[in-house]
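Dumped run.pdb below, it's PDB, C-alpha atoms:
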```pdb
ATOM      1  CA  LYS T   1      80.195 118.855  85.012
ATOM      2  CA  GLN T   2      82.744 116.386  86.394
ATOM      3  CA  TRP T   3      85.691 118.700  85.667
ATOM      4  CA  TYR T   4      83.855 121.560  87.378
ATOM      5  CA  GLN T   5      83.306 119.433  90.483
ATOM      6  CA  ARG T   6      86.988 118.521  90.486
ATOM      7  CA  ARG T   7      87.968 122.191  90.186
ATOM      8  CA  VAL T   8      85.720 123.056  93.132
ATOM      9  CA  ALA T   9      87.245 120.163  95.095
ATOM     10  CA  ILE T  10      90.753 121.428  94.335
ATOM     11  CA  THR T  11      89.883 124.941  95.480
ATOM     12  CA  ALA T  12      88.278 123.615  98.672
ATOM     13  CA  GLY T  13      91.264 121.322  99.243
ATOM     14  CA  GLU T  14      93.690 124.201  98.820
ATOM     15  CA  ILE T  15      91.804 126.151 101.479
ATOM     16  CA  ILE T  16      91.627 123.218 103.893
ATOM     17  CA  PHE T  17      94.973 121.489 103.349
ATOM     18  CA  GLY T  18      97.128 124.119 101.670
ATOM     19  CA  LYS T  19      98.283 124.478  98.078
ATOM     20  CA  ASP T  20     101.096 121.911  98.377
ATOM     21  CA  HIS T  21      99.070 118.980  99.721
ATOM     22  CA  PRO T  22      99.517 115.698  97.773
ATOM     23  CA  ASP T  23      95.753 115.394  97.272
ATOM     24  CA  ILE T  24      95.824 118.674  95.366
ATOM     25  CA  ALA T  25      98.513 117.300  93.030
ATOM     26  CA  ARG T  26      96.488 114.094  92.526
ATOM     27  CA  ASN T  27      93.335 116.081  91.812
ATOM     28  CA  LEU T  28      95.188 118.312  89.351
ATOM     29  CA  ASN T  29      96.345 115.167  87.544
ATOM     30  CA  ASN T  30      92.758 113.909  87.385
ATOM     31  CA  LEU T  31      91.537 117.300  86.206
ATOM     32  CA  GLY T  32      94.255 117.382  83.549
ATOM     33  CA  ARG T  33      93.152 113.949  82.348
ATOM     34  CA  ALA T  34      89.539 115.171  82.177
ATOM     35  CA  PHE T  35      90.580 118.254  80.181
ATOM     36  CA  LYS T  36      92.566 115.997  77.830
ATOM     37  CA  GLU T  37      89.541 113.737  77.300
ATOM     38  CA  MET T  38      87.382 116.792  76.523
ATOM     39  CA  GLY T  39      89.915 118.010  73.957
ATOM     40  CA  ASP T  40      91.111 121.015  75.978
ATOM     41  CA  TYR T  41      94.779 120.223  75.477
ATOM     42  CA  ASP T  42      96.085 123.565  76.721
ATOM     43  CA  GLY T  43      94.080 123.230  79.939
ATOM     44  CA  ALA T  44      95.250 119.646  80.313
ATOM     45  CA  LYS T  45      98.895 120.613  79.847
ATOM     46  CA  THR T  46      98.633 123.357  82.466
ATOM     47  CA  LYS T  47      97.041 121.074  85.067
ATOM     48  CA  LEU T  48      99.355 118.137  84.391
ATOM     49  CA  ASN T  49     102.503 120.276  84.510
ATOM     50  CA  LYS T  50     101.375 121.812  87.807
ATOM     51  CA  SER T  51     100.627 118.341  89.210
ATOM     52  CA  LEU T  52     104.052 117.079  88.153
ATOM     53  CA  GLU T  53     105.792 120.128  89.618
ATOM     54  CA  MET T  54     104.029 119.631  92.955
ATOM     55  CA  LYS T  55     104.800 115.913  93.047
ATOM     56  CA  GLU T  56     108.466 116.451  92.185
ATOM     57  CA  LYS T  57     108.759 119.049  94.925
ATOM     58  CA  ARG T  58     107.182 116.744  97.489
ATOM     59  CA  TYR T  59     108.563 113.330  96.487
ATOM     60  CA  GLY T  60     111.651 113.945  94.370
ATOM     61  CA  GLU T  61     112.440 113.222  90.730
ATOM     62  CA  ASP T  62     111.935 109.447  90.640
ATOM     63  CA  HIS T  63     109.053 108.611  92.983
ATOM     64  CA  ILE T  64     106.336 106.195  91.888
ATOM     65  CA  ASN T  65     103.652 108.836  92.559
ATOM     66  CA  LEU T  66     104.922 110.733  89.501
ATOM     67  CA  VAL T  67     103.999 107.882  87.145
ATOM     68  CA  PRO T  68     100.277 108.665  86.605
ATOM     69  CA  THR T  69     101.046 112.268  85.722
ATOM     70  CA  LEU T  70     103.932 111.274  83.443
ATOM     71  CA  MET T  71     101.592 108.803  81.724
ATOM     72  CA  ASN T  72      98.958 111.470  81.183
ATOM     73  CA  LEU T  73     101.510 114.001  79.920
ATOM     74  CA  GLY T  74     103.002 111.456  77.533
ATOM     75  CA  ASP T  75      99.572 110.549  76.220
ATOM     76  CA  LEU T  76      98.770 114.252  75.792
ATOM     77  CA  PHE T  77     101.966 114.808  73.801
ATOM     78  CA  ASN T  78     101.126 111.823  71.575
ATOM     79  CA  LEU T  79      97.617 113.172  71.012
ATOM     80  CA  THR T  80      98.998 116.580  70.058
ATOM     81  CA  LYS T  81     101.513 115.022  67.646
ATOM     82  CA  GLN T  82     104.565 115.763  69.788
ATOM     83  CA  PRO T  83     105.994 112.232  69.960
ATOM     84  CA  HIS T  84     109.547 113.314  70.805
ATOM     85  CA  ARG T  85     108.324 115.114  73.918
ATOM     86  CA  ALA T  86     106.106 112.141  74.724
ATOM     87  CA  LYS T  87     109.047 109.765  74.357
ATOM     88  CA  ASP T  88     111.139 111.723  76.863
ATOM     89  CA  VAL T  89     108.345 111.901  79.443
ATOM     90  CA  LEU T  90     107.344 108.254  79.001
ATOM     91  CA  ALA T  91     110.937 106.982  79.085
ATOM     92  CA  ARG T  92     111.336 108.761  82.405
ATOM     93  CA  GLY T  93     108.138 107.167  83.693
ATOM     94  CA  LEU T  94     109.194 103.727  82.463
ATOM     95  CA  LYS T  95     112.530 104.063  84.239
ATOM     96  CA  ILE T  96     110.692 104.874  87.481
ATOM     97  CA  CYS T  97     108.368 101.894  86.971
ATOM     98  CA  GLU T  98     111.271  99.550  86.301
ATOM     99  CA  LYS T  99     113.098 100.722  89.429
ATOM    100  CA  LYS T 100     110.136 100.954  91.815
ATOM    101  CA  ILE T 101     107.546  98.332  90.773
ATOM    102  CA  GLY T 102     109.238  96.110  88.204
ATOM    103  CA  MET T 103     108.463  95.354  84.602
ATOM    104  CA  LYS T 104     105.629  92.885  85.268
ATOM    105  CA  HIS T 105     103.325  95.562  86.688
ATOM    106  CA  PRO T 106     100.334  96.849  84.662
ATOM    107  CA  ASP T 107     101.600 100.439  84.965
ATOM    108  CA  SER T 108     104.841  99.369  83.304
ATOM    109  CA  ALA T 109     102.779  97.801  80.507
ATOM    110  CA  LYS T 110     100.745 100.997  80.086
ATOM    111  CA  MET T 111     103.939 103.045  79.915
ATOM    112  CA  LEU T 112     105.394 100.648  77.313
ATOM    113  CA  ARG T 113     102.217 100.926  75.237
ATOM    114  CA  LEU T 114     102.259 104.727  75.252
ATOM    115  CA  LEU T 115     105.977 104.733  74.468
ATOM    116  CA  GLY T 116     105.299 102.337  71.592
ATOM    117  CA  ASN T 117     102.724 104.803  70.296
ATOM    118  CA  SER T 118     105.350 107.567  70.423
ATOM    119  CA  PHE T 119     107.757 105.525  68.323
ATOM    120  CA  TYR T 120     104.946 104.759  65.881
ATOM    121  CA  LEU T 121     104.257 108.483  65.476
ATOM    122  CA  MET T 122     107.975 109.064  64.878
ATOM    123  CA  GLY T 123     107.900 106.430  62.127
ATOM    124  CA  ASP T 124     109.980 103.830  63.982
ATOM    125  CA  LEU T 125     107.613 100.918  63.489
ATOM    126  CA  ALA T 126     110.095  98.231  64.551
ATOM    127  CA  THR T 127     110.679  99.817  67.972
ATOM    128  CA  SER T 128     106.972 100.515  68.309
ATOM    129  CA  GLU T 129     106.109  96.876  67.640
ATOM    130  CA  LYS T 130     108.782  95.657  70.078
ATOM    131  CA  LEU T 131     107.484  97.879  72.893
ATOM    132  CA  LEU T 132     103.858  97.014  72.185
ATOM    133  CA  ASN T 133     104.649  93.293  72.256
ATOM    134  CA  LYS T 134     106.387  93.718  75.619
ATOM    135  CA  SER T 135     103.326  95.566  76.895
ATOM    136  CA  LEU T 136     101.008  92.852  75.615
ATOM    137  CA  ASP T 137     103.083  90.100  77.244
ATOM    138  CA  ILE T 138     102.822  91.838  80.613
ATOM    139  CA  LEU T 139      99.108  92.551  80.261
ATOM    140  CA  GLU T 140      98.292  88.978  79.245
ATOM    141  CA  GLY T 141     100.117  87.798  82.364
ATOM    142  CA  VAL T 142      98.053  90.105  84.579
ATOM    143  CA  TYR T 143      94.585  90.208  83.001
ATOM    144  CA  GLU T 144      92.384  87.521  81.538
ATOM    145  CA  GLY T 145      90.566  87.354  78.235
ATOM    146  CA  ASP T 146      89.541  90.467  76.409
ATOM    147  CA  HIS T 147      90.490  93.069  78.979
ATOM    148  CA  PRO T 148      90.296  96.603  77.513
ATOM    149  CA  TYR T 149      94.057  97.175  77.977
ATOM    150  CA  ILE T 150      94.804  93.958  76.081
ATOM    151  CA  LEU T 151      92.414  94.873  73.274
ATOM    152  CA  ALA T 152      93.823  98.398  72.977
ATOM    153  CA  THR T 153      97.385  97.095  72.815
ATOM    154  CA  ARG T 154      96.433  94.530  70.175
ATOM    155  CA  ALA T 155      94.794  97.305  68.148
ATOM    156  CA  ASP T 156      97.971  99.372  68.405
ATOM    157  CA  LEU T 157     100.023  96.383  67.238
ATOM    158  CA  GLY T 158      97.717  95.953  64.259
ATOM    159  CA  ALA T 159      98.180  99.595  63.379
ATOM    160  CA  CYS T 160     101.941  99.060  63.102
ATOM    161  CA  SER T 161     101.282  97.403  59.749
ATOM    162  CA  ARG T 162      99.605 100.589  58.443
ATOM    163  CA  PRO T 163     101.381 103.692  57.193
ATOM    164  CA  VAL T 164     102.143 106.319  59.799
ATOM    165  CA  GLY T 165      99.456 108.973  59.858
ATOM    166  CA  THR T 166      96.550 106.599  59.172
ATOM    167  CA  ARG T 167      96.218 105.417  62.761
ATOM    168  CA  VAL T 168      93.730 106.814  65.232
ATOM    169  CA  PHE T 169      94.665 106.621  68.933
TER     170      PHE T 169
END
```
What is this file in structure tokens?
Amino acid sequence: KQWYQRRVAITAGEIIFGKDHPDIARNLNNLGRAFKEMGDYDGAKTKLNKSLEMKEKRYGEDHINLVPTLMNLGDLFNLTKQPHRAKDVLARGLKICEKKIGMKHPDSAKMLRLLGNSFYLMGDLATSEKLLNKSLDILEGVYEGDHPYILATRADLGACSRPVGTRVF
């Protein structure tokens, strides 16, 4: 139901604001994330790619507003066992984060975590562990206690000691 409401909102927004409005790109990103969470990976990819295309056209290649869509695309590629594609997208997003918001920001930590997951899927456990530890350091400096991002990153670190292919993201 939620994805349907978002689709209706996008259509209404396109009529009111025009097809290139930044809210349309943001809503497409959110819709892509919803499709991804429902397991409709093709639908997610279509929406996320369209969102990224619109954002790049409006803001340029290295604007901070691209980061949420790059994160979602990278996560999608990890979920669909395309870690090399994920790595490229996430490395781009991490570079934007580093330049625009610094490496102590939670979005930088999220990007590091997803990138660590890509390296895990590629079998590079040492790089995965290094990136996940960096992510955890940032998150522990931002959040307190058992925040869900901290717990998820710790779980990913624990998985680095298991053989590739036995981990569930």
Legend entry - Distance query 10 Å from (97.7, 116.1, 93.8) using only C-alpha atoms, result as a list in words: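 Output of the proximity query reads Ile10, Gly13, Lys19, Asp20, His21, Pro22, Asp23, Ile24, Ala25, Arg26, Asn27, Leu28, Asn29, Asn30, Leu31, Leu48, Lys50, Ser51, Leu52, Glu53, Met54, Lys55, Asn65, Leu66 and Thr69 of chain T.
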Legend entry - Atom-to-atom span, atom CA of Leu125 of chain T and atom CA of Arg33 of chain T, Å: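 Atom-to-atom, atom CA of Leu125 of chain T to atom CA of Arg33 of chain T, that is 27.1 Å.
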Inset, instruction - List, as a PyMOL selection string, every residue that the PyMOL selection byres ((chain T and resi 115) around 8) selects in the file provided. - result: chain T and resi 74+86-87+90-91+111-114+116-119+128+131
Inset, instruction - Would you mind telling me which residue in T:Pro106, T:Gly141, T:Gly158, T:Pro68 lies nearest to Arg92 of chain T when using all atoms listed in the file? - result: T:Pro68
Legend entry - Selection dump of the PyMOL selection byres ((chain T and resi 156) around 10), as a PyMOL selection string: chain T and resi 113-114+116-117+120+128-129+132-133+150-155+157-161+167-169
Legend entry - Among the residues T:Met71, T:Ile64, T:Leu76, T:Val142, the one that comes closest to Tyr41 of chain T [using only C-alpha atoms]: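 Going through T:Met71, T:Ile64, T:Leu76, T:Val142 one by one, the smallest distance to Tyr41 of chain T is for T:Leu76.
Note that atom CA of Asp75 of chain T and atom CA of Gly32 of chain T are 11.3 Å apart.
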Inset, instruction - Mind giving me the straight-line distance from atom CA of Glu61 of chain T to atom CA of Lys47 of chain T in Å, one decimal? - result: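 These atoms are spaced 18.2 Å apart.
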Around segment 106-121 of chain T, with edges along x, y and z and 8 Å added on all six sides, what centre and edge lengths do you get, in Å to one decimal, as lines of an AutoDock Vina configuration file?
```
center_x = 104.0
center_y = 102.7
center_z = 75.2
size_x = 23.4
size_y = 27.6
size_z = 35.5
```
Here's a test: counting all atoms listed in the file, identify every protein, DNA and RNA residue with an atom at most 9 Å from (109.2, 102.6, 88.7) in the file's coordinate frame, and state them as a PDB file with C-alpha atoms, keeping the file's coordinate frame.
```pdb
ATOM      1  CA  ASP T  62     111.935 109.447  90.640  1.00  0.00           C
ATOM      2  CA  HIS T  63     109.053 108.611  92.983  1.00  0.00           C
ATOM      3  CA  ILE T  64     106.336 106.195  91.888  1.00  0.00           C
ATOM      4  CA  VAL T  67     103.999 107.882  87.145  1.00  0.00           C
ATOM      5  CA  GLY T  93     108.138 107.167  83.693  1.00  0.00           C
ATOM      6  CA  LEU T  94     109.194 103.727  82.463  1.00  0.00           C
ATOM      7  CA  LYS T  95     112.530 104.063  84.239  1.00  0.00           C
ATOM      8  CA  ILE T  96     110.692 104.874  87.481  1.00  0.00           C
ATOM      9  CA  CYS T  97     108.368 101.894  86.971  1.00  0.00           C
ATOM     10  CA  GLU T  98     111.271  99.550  86.301  1.00  0.00           C
ATOM     11  CA  LYS T  99     113.098 100.722  89.429  1.00  0.00           C
ATOM     12  CA  LYS T 100     110.136 100.954  91.815  1.00  0.00           C
ATOM     13  CA  ILE T 101     107.546  98.332  90.773  1.00  0.00           C
ATOM     14  CA  GLY T 102     109.238  96.110  88.204  1.00  0.00           C
ATOM     15  CA  MET T 103     108.463  95.354  84.602  1.00  0.00           C
ATOM     16  CA  ASP T 107     101.600 100.439  84.965  1.00  0.00           C
ATOM     17  CA  SER T 108     104.841  99.369  83.304  1.00  0.00           C
TER      18      SER T 108
END
```
Inset, instruction - Return the single residue from T:Gln82, T:Lys45, T:Glu140, T:Met38 that is closest to Leu70 of chain T, with distances computed using only C-alpha atoms. - result: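 Distance minimum relative to Leu70 of chain T lands on T:Lys45.
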